[in-house]
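Reading through the structure tokens given below for one structure.
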Amino acid sequence: ITHLDVSKQWGEGKTSSSDAQRFSYSRRTLQQTYSTKFCDFALEFYTFVADNYAPYFSLPIECTDRDSPYVMDGILYNESDLVIEEHYVDTHGYTEINYAGFGMIGKQLSARIRGVQHQRLYRIDQTKDYGSLTSLVSDKDRLIHIDWIQEQWDKMGHFYASLASGHTTASTALKRLTGFSPKNHFYRANRELGRIFKTENILTYMADPLLRQNRRRGLLKGEQLHQLARDVAYGKRGRISARDLQEQRNTCSCLTLIIACIIYWQAKEITRIIETQTQDLDKKCLAMLSHISPIGWENIILYGEYVLNRNLIQ
């Protein structure tokens with residue numbers, strides 16, 4: 001998908017978004033949890049999609065788990081050629097620890113936080129005049145303790161380097177980290193660093209309409225992907241029957257692969273039409289390509305067998 005010329009009209013593959021989708025799961029296993037919103041036992045597939053509509057990572061998680069510990073998994077452990085610089089998430093995908101983690105690995109986390117007006121902003125310099133923001137950061141509990149970050153800086157570097165190298169998965173480590181008490185020195189150092197990035201991100205979000213538009217557009221691509229996944233997973237009425245974790249991962253990966261094949265096919269068809277109708281298309285029509293989505297399946301026969309012939313793969 002990334003190597004197709006038409007995909008560059010949608011994005012350069014440098015930003016992405018992630019979101020979870022719930023599927024009915026009636027098997028009695030350790031992963032079976034009840035979702036009050038879904039009104040049934042459910043399992044979530046957490047999927048990552050780039051700005052050029054390329055889905056590049058997915059994993060199954062319990063529906064009662066928050067999405068935030070798994071965000072870094074997709075960024076660190078995907079096997080694609082994408083070089084993601086910025087990642088969009090919704091309220092369930094962000095924590096202050098995540099902001100710190102993304103900053104330490106050189107990425108940018110952009111969260112669309114529900115009720116952002118109720119979020120706390122923080123200051124670094126106690127003596128500086130912050131102008132119109134002074135009333136928002138003047139309380140004593142809004143001061144960042146830089147000395148806490150300095151004391152744990154080397155340990156933080158070792159911690160996130162071990163996550164990037166795969167010595168332990170980010171989701172496992174971040175779950176453990178967020179479970180620490182605020183009295184833990186390592187936890188509060190990460191929290192203070194995350195508050196710096198969160199404050200910067202919220203202020204930029206409130207002041208930049210283009211950033212809000214790009215963030216919303218990136219998250220909508222994930223929602224479109226969910227609609228396609230719902231129709232592709234028609235077998236057994238959309239219920240997940242895999243019992244152990246490995247089978248669930250296989251189901252999740254196969255669903256993502258089929259979705260990627262459909263998106264690739266649609267992008268190829270768009271390219272073919274452009275090449276055959278170049279003389280009849282003016283510049284205005286070609287400029288509208290950025291508003292066309294390859295996530296469409298009206299012309300795709302979803303019911304049947306999917307046969308992957310290696311001899312036909314170029």
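Chain labels follow the order of the structure tokens: the first chain is A, the next B, and so on; residue numbering restarts at 1 in every chain, and ligands are counted from 1 in their shown order.
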As a PyMOL selection string, list the residues of region 101-196 of chain A assigned to strand (DSSP E or B) by DSSP on the backbone atoms of this structure. chain A and resi 108-111+123+143
Could you go through region 125-286 of chain A and tell me which residues DSSP, when run on the backbone, assigns to alpha helix (DSSP H), listing them as a PyMOL selection string? chain A and resi 134-137+146-151+153-165+170-178+185-207+209-232+245-276+283-286
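Distance-wise, CA of Ala189 (chain A) and CA of Tyr70 (chain A) end up 20.9 Å apart.
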Residue with smallest distance to Tyr303 (chain A) - pool A:Gly218, A:Gly235, A:Gly13, A:Pro60, counting only C-alpha atoms: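 Checking each of A:Gly218, A:Gly235, A:Gly13, A:Pro60 against Tyr303 (chain A), counting only C-alpha atoms, the winner is A:Gly235.
Ranking A:Arg310, A:Arg112, A:Lys37, A:Arg28 by their shortest atom-to-atom distance to Asn214 (chain A), with only C-alpha atoms included, puts A:Arg112 first.
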Please provide as a PDB file with all heavy atoms, in the first residue's frame all residues within 10 Å of Ser35 (chain A), with the sequence filter that same-chain residues fewer than 3 positions apart are discarded (counting only C-alpha atoms).
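Generated file (selection-v4.pdb):
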```pdb
ATOM      1  N   ARG A  22     -14.742  -4.265  19.461  1.00  0.00           N
ATOM      2  CA  ARG A  22     -15.196  -5.406  20.250  1.00  0.00           C
ATOM      3  C   ARG A  22     -15.947  -6.408  19.396  1.00  0.00           C
ATOM      4  O   ARG A  22     -16.751  -6.044  18.539  1.00  0.00           O
ATOM      5  CB  ARG A  22     -16.087  -4.921  21.407  1.00  0.00           C
ATOM      6  CG  ARG A  22     -15.331  -4.092  22.425  1.00  0.00           C
ATOM      7  CD  ARG A  22     -16.227  -3.522  23.490  1.00  0.00           C
ATOM      8  NE  ARG A  22     -15.462  -2.702  24.422  1.00  0.00           N
ATOM      9  CZ  ARG A  22     -15.984  -1.993  25.404  1.00  0.00           C
ATOM     10  NH1 ARG A  22     -17.285  -2.006  25.606  1.00  0.00           N
ATOM     11  NH2 ARG A  22     -15.212  -1.276  26.196  1.00  0.00           N
ATOM     12  N   SER A  24     -18.009 -10.313  19.814  1.00  0.00           N
ATOM     13  CA  SER A  24     -18.638 -11.214  20.776  1.00  0.00           C
ATOM     14  C   SER A  24     -17.740 -12.427  21.003  1.00  0.00           C
ATOM     15  O   SER A  24     -17.198 -13.009  20.065  1.00  0.00           O
ATOM     16  CB  SER A  24     -20.008 -11.656  20.257  1.00  0.00           C
ATOM     17  OG  SER A  24     -20.616 -12.546  21.163  1.00  0.00           O
ATOM     18  N   GLN A  32     -12.233 -14.321  28.902  1.00  0.00           N
ATOM     19  CA  GLN A  32     -13.641 -13.968  28.747  1.00  0.00           C
ATOM     20  C   GLN A  32     -14.039 -12.942  29.806  1.00  0.00           C
ATOM     21  O   GLN A  32     -14.014 -13.211  30.995  1.00  0.00           O
ATOM     22  CB  GLN A  32     -14.531 -15.209  28.876  1.00  0.00           C
ATOM     23  CG  GLN A  32     -15.992 -14.932  28.564  1.00  0.00           C
ATOM     24  CD  GLN A  32     -16.880 -16.122  28.909  1.00  0.00           C
ATOM     25  OE1 GLN A  32     -16.701 -16.747  29.949  1.00  0.00           O
ATOM     26  NE2 GLN A  32     -17.818 -16.446  28.038  1.00  0.00           N
ATOM     27  N   PHE A  38     -21.187  -3.402  25.421  1.00  0.00           N
ATOM     28  CA  PHE A  38     -21.482  -4.365  24.364  1.00  0.00           C
ATOM     29  C   PHE A  38     -22.641  -5.280  24.736  1.00  0.00           C
ATOM     30  O   PHE A  38     -23.210  -5.961  23.891  1.00  0.00           O
ATOM     31  CB  PHE A  38     -20.228  -5.195  24.082  1.00  0.00           C
ATOM     32  CG  PHE A  38     -20.238  -5.907  22.764  1.00  0.00           C
ATOM     33  CD1 PHE A  38     -20.093  -5.206  21.587  1.00  0.00           C
ATOM     34  CD2 PHE A  38     -20.376  -7.282  22.700  1.00  0.00           C
ATOM     35  CE1 PHE A  38     -20.092  -5.862  20.365  1.00  0.00           C
ATOM     36  CE2 PHE A  38     -20.380  -7.949  21.498  1.00  0.00           C
ATOM     37  CZ  PHE A  38     -20.236  -7.227  20.322  1.00  0.00           C
ATOM     38  N   CYS A  39     -22.976  -5.324  26.044  1.00  0.00           N
ATOM     39  CA  CYS A  39     -24.055  -6.165  26.580  1.00  0.00           C
ATOM     40  C   CYS A  39     -23.828  -7.637  26.277  1.00  0.00           C
ATOM     41  O   CYS A  39     -24.773  -8.384  25.979  1.00  0.00           O
ATOM     42  CB  CYS A  39     -25.418  -5.717  26.038  1.00  0.00           C
ATOM     43  SG  CYS A  39     -25.870  -4.045  26.534  1.00  0.00           S
ATOM     44  N   ASP A  40     -22.591  -8.059  26.324  1.00  0.00           N
ATOM     45  CA  ASP A  40     -22.266  -9.463  26.066  1.00  0.00           C
ATOM     46  C   ASP A  40     -20.807  -9.673  26.452  1.00  0.00           C
ATOM     47  O   ASP A  40     -20.059  -8.726  26.661  1.00  0.00           O
ATOM     48  CB  ASP A  40     -22.491  -9.792  24.583  1.00  0.00           C
ATOM     49  CG  ASP A  40     -22.527 -11.299  24.335  1.00  0.00           C
ATOM     50  OD1 ASP A  40     -22.378 -12.066  25.312  1.00  0.00           O
ATOM     51  OD2 ASP A  40     -22.705 -11.701  23.171  1.00  0.00           O
ATOM     52  N   PHE A  41     -20.410 -10.958  26.547  1.00  0.00           N
ATOM     53  CA  PHE A  41     -18.996 -11.262  26.712  1.00  0.00           C
ATOM     54  C   PHE A  41     -18.283 -10.895  25.411  1.00  0.00           C
ATOM     55  O   PHE A  41     -18.756 -11.226  24.324  1.00  0.00           O
ATOM     56  CB  PHE A  41     -18.793 -12.734  27.045  1.00  0.00           C
ATOM     57  CG  PHE A  41     -19.285 -13.100  28.414  1.00  0.00           C
ATOM     58  CD1 PHE A  41     -20.537 -13.683  28.584  1.00  0.00           C
ATOM     59  CD2 PHE A  41     -18.509 -12.864  29.533  1.00  0.00           C
ATOM     60  CE1 PHE A  41     -20.995 -14.013  29.844  1.00  0.00           C
ATOM     61  CE2 PHE A  41     -18.956 -13.193  30.799  1.00  0.00           C
ATOM     62  CZ  PHE A  41     -20.198 -13.769  30.955  1.00  0.00           C
ATOM     63  N   ALA A  42     -17.153 -10.220  25.535  1.00  0.00           N
ATOM     64  CA  ALA A  42     -16.519  -9.680  24.336  1.00  0.00           C
ATOM     65  C   ALA A  42     -14.999  -9.750  24.433  1.00  0.00           C
ATOM     66  O   ALA A  42     -14.420  -9.907  25.518  1.00  0.00           O
ATOM     67  CB  ALA A  42     -16.962  -8.233  24.113  1.00  0.00           C
ATOM     68  N   LEU A  43     -14.374  -9.652  23.266  1.00  0.00           N
ATOM     69  CA  LEU A  43     -12.930  -9.586  23.126  1.00  0.00           C
ATOM     70  C   LEU A  43     -12.624  -8.431  22.186  1.00  0.00           C
ATOM     71  O   LEU A  43     -13.324  -8.226  21.203  1.00  0.00           O
ATOM     72  CB  LEU A  43     -12.379 -10.897  22.553  1.00  0.00           C
ATOM     73  CG  LEU A  43     -10.853 -11.066  22.514  1.00  0.00           C
ATOM     74  CD1 LEU A  43     -10.298 -11.212  23.922  1.00  0.00           C
ATOM     75  CD2 LEU A  43     -10.473 -12.275  21.675  1.00  0.00           C
ATOM     76  N   GLU A  62      -8.316  -7.972  26.359  1.00  0.00           N
ATOM     77  CA  GLU A  62      -9.577  -8.111  27.070  1.00  0.00           C
ATOM     78  C   GLU A  62     -10.340  -6.791  27.039  1.00  0.00           C
ATOM     79  O   GLU A  62      -9.743  -5.706  27.082  1.00  0.00           O
ATOM     80  CB  GLU A  62      -9.318  -8.537  28.518  1.00  0.00           C
ATOM     81  CG  GLU A  62      -8.686  -9.918  28.646  1.00  0.00           C
ATOM     82  CD  GLU A  62      -8.522 -10.330  30.097  1.00  0.00           C
ATOM     83  OE1 GLU A  62      -9.326  -9.879  30.929  1.00  0.00           O
ATOM     84  OE2 GLU A  62      -7.599 -11.103  30.394  1.00  0.00           O
ATOM     85  N   CYS A  63     -11.655  -6.895  26.977  1.00  0.00           N
ATOM     86  CA  CYS A  63     -12.462  -5.682  26.825  1.00  0.00           C
ATOM     87  C   CYS A  63     -12.462  -4.826  28.080  1.00  0.00           C
ATOM     88  O   CYS A  63     -12.816  -3.640  28.027  1.00  0.00           O
ATOM     89  CB  CYS A  63     -13.890  -6.039  26.424  1.00  0.00           C
ATOM     90  SG  CYS A  63     -14.807  -6.938  27.690  1.00  0.00           S
ATOM     91  N   THR A  64     -12.063  -5.388  29.208  1.00  0.00           N
ATOM     92  CA  THR A  64     -12.001  -4.595  30.444  1.00  0.00           C
ATOM     93  C   THR A  64     -10.669  -3.875  30.599  1.00  0.00           C
ATOM     94  O   THR A  64     -10.533  -3.032  31.480  1.00  0.00           O
ATOM     95  CB  THR A  64     -12.235  -5.494  31.667  1.00  0.00           C
ATOM     96  OG1 THR A  64     -11.316  -6.600  31.630  1.00  0.00           O
ATOM     97  CG2 THR A  64     -13.663  -6.034  31.682  1.00  0.00           C
TER      98      THR A  64
END
```
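Straight-line separation from CA of Leu257 (chain A) to CA of Lys221 (chain A): 16.6 Å.
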With distances taken over only C-alpha atoms, which residue among A:Ser26, A:Gln224, A:Ser68, A:Ser16 lies nearest Val83 (chain A)?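 Comparing A:Ser26, A:Gln224, A:Ser68, A:Ser16 against Val83 (chain A), the winner is A:Ser16.
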Could you give me, as CSV, a per-residue list for region 65-119 of chain A showing, wherever an atom lies at most 12 Å from an atom of region 129-152 of chain A, the closest pair of atoms and their distance in Å to one decimal, using only C-alpha atoms and sorting by chain then residue number from low to high?
```
residue,atom,partner,partner_atom,distance
A:Ala100,CA,A:Ile149,CA,10.8
A:Gln117,CA,A:Leu136,CA,10.8
A:His118,CA,A:Leu136,CA,10.7
A:Gln119,CA,A:Leu136,CA,10.2
```
Take the residues just selected and output them with C-alpha atoms as an mmCIF file, in the first residue's frame.
```
data_model
loop_
_atom_site.group_PDB
_atom_site.id
_atom_site.type_symbol
_atom_site.label_atom_id
_atom_site.label_comp_id
_atom_site.auth_asym_id
_atom_site.auth_seq_id
_atom_site.Cartn_x
_atom_site.Cartn_y
_atom_site.Cartn_z
ATOM 1 C CA ALA A 100 6.656 10.079 28.807
ATOM 2 C CA GLN A 117 -11.133 21.578 29.485
ATOM 3 C CA HIS A 118 -10.991 19.672 32.771
ATOM 4 C CA GLN A 119 -7.401 18.497 32.285
#
```
With distances taken over only C-alpha atoms, which residue among A:Tyr122, A:Phe186, A:Phe180, A:Tyr88 lies nearest Gln213 (chain A)? A:Tyr88
From the set A:Gly194, A:Pro209, A:Gly179, A:Gly304, which residue has the shortest atom-to-atom contact distance to Phe102 (chain A), counting only C-alpha atoms?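 Closest residue, counting only C-alpha atoms: A:Gly194.
Straight-line separation from CA of Phe23 (chain A) to CA of Ser241 (chain A): 10.2 Å.
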For Ile75 (chain A), find every residue with an atom within 10 Å (counting only C-alpha atoms), except residues of its own chain fewer than 5 positions away, and show them as JSON, numbers by chain. {"A": [16, 48, 56, 57, 70, 82, 83, 84, 85, 86, 87, 102, 105, 107, 164, 170]}
Show which residues sit within 7 Å of region 242-249 of chain A, as a list of chain:residue names. Count only C-alpha atoms, and ignore same-chain residues fewer than 5 positions away. A:Arg27, A:Thr29, A:Leu59, A:Pro60
If you keep all heavy atoms, can you produce a file of those selected residues as a PDB file, in the first residue's frame?
```pdb
ATOM      1  N   ARG A  27     -16.728 -18.065  24.504  1.00  0.00           N
ATOM      2  CA  ARG A  27     -15.951 -19.181  25.058  1.00  0.00           C
ATOM      3  C   ARG A  27     -15.605 -18.928  26.523  1.00  0.00           C
ATOM      4  O   ARG A  27     -15.237 -17.816  26.894  1.00  0.00           O
ATOM      5  CB  ARG A  27     -14.667 -19.382  24.250  1.00  0.00           C
ATOM      6  CG  ARG A  27     -14.865 -20.127  22.928  1.00  0.00           C
ATOM      7  CD  ARG A  27     -15.248 -21.562  23.189  1.00  0.00           C
ATOM      8  NE  ARG A  27     -15.315 -22.336  21.965  1.00  0.00           N
ATOM      9  CZ  ARG A  27     -14.319 -23.078  21.490  1.00  0.00           C
ATOM     10  NH1 ARG A  27     -13.181 -23.136  22.146  1.00  0.00           N
ATOM     11  NH2 ARG A  27     -14.461 -23.756  20.385  1.00  0.00           N
ATOM     12  N   THR A  29     -13.108 -18.915  28.897  1.00  0.00           N
ATOM     13  CA  THR A  29     -11.660 -18.931  29.060  1.00  0.00           C
ATOM     14  C   THR A  29     -11.269 -17.812  30.018  1.00  0.00           C
ATOM     15  O   THR A  29     -12.103 -17.041  30.483  1.00  0.00           O
ATOM     16  CB  THR A  29     -10.946 -18.717  27.702  1.00  0.00           C
ATOM     17  OG1 THR A  29     -11.332 -17.434  27.174  1.00  0.00           O
ATOM     18  CG2 THR A  29     -11.321 -19.799  26.714  1.00  0.00           C
ATOM     19  N   LEU A  59      -3.646  -6.652  17.751  1.00  0.00           N
ATOM     20  CA  LEU A  59      -3.494  -7.657  18.802  1.00  0.00           C
ATOM     21  C   LEU A  59      -4.789  -7.738  19.599  1.00  0.00           C
ATOM     22  O   LEU A  59      -5.527  -6.748  19.707  1.00  0.00           O
ATOM     23  CB  LEU A  59      -2.324  -7.336  19.717  1.00  0.00           C
ATOM     24  CG  LEU A  59      -2.432  -6.192  20.729  1.00  0.00           C
ATOM     25  CD1 LEU A  59      -1.310  -6.303  21.750  1.00  0.00           C
ATOM     26  CD2 LEU A  59      -2.364  -4.832  20.048  1.00  0.00           C
ATOM     27  N   PRO A  60      -5.104  -8.928  20.131  1.00  0.00           N
ATOM     28  CA  PRO A  60      -6.323  -9.088  20.937  1.00  0.00           C
ATOM     29  C   PRO A  60      -6.062  -8.708  22.392  1.00  0.00           C
ATOM     30  O   PRO A  60      -5.012  -9.033  22.957  1.00  0.00           O
ATOM     31  CB  PRO A  60      -6.623 -10.584  20.802  1.00  0.00           C
ATOM     32  CG  PRO A  60      -5.283 -11.214  20.597  1.00  0.00           C
ATOM     33  CD  PRO A  60      -4.430 -10.212  19.871  1.00  0.00           C
TER      34      PRO A  60
END
```
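With only C-alpha atoms as the atoms that count, the minimum distance from Ser110 (chain A) to the choices A:Arg176, A:His158, A:Arg215, A:His92 is reached by A:Arg215.
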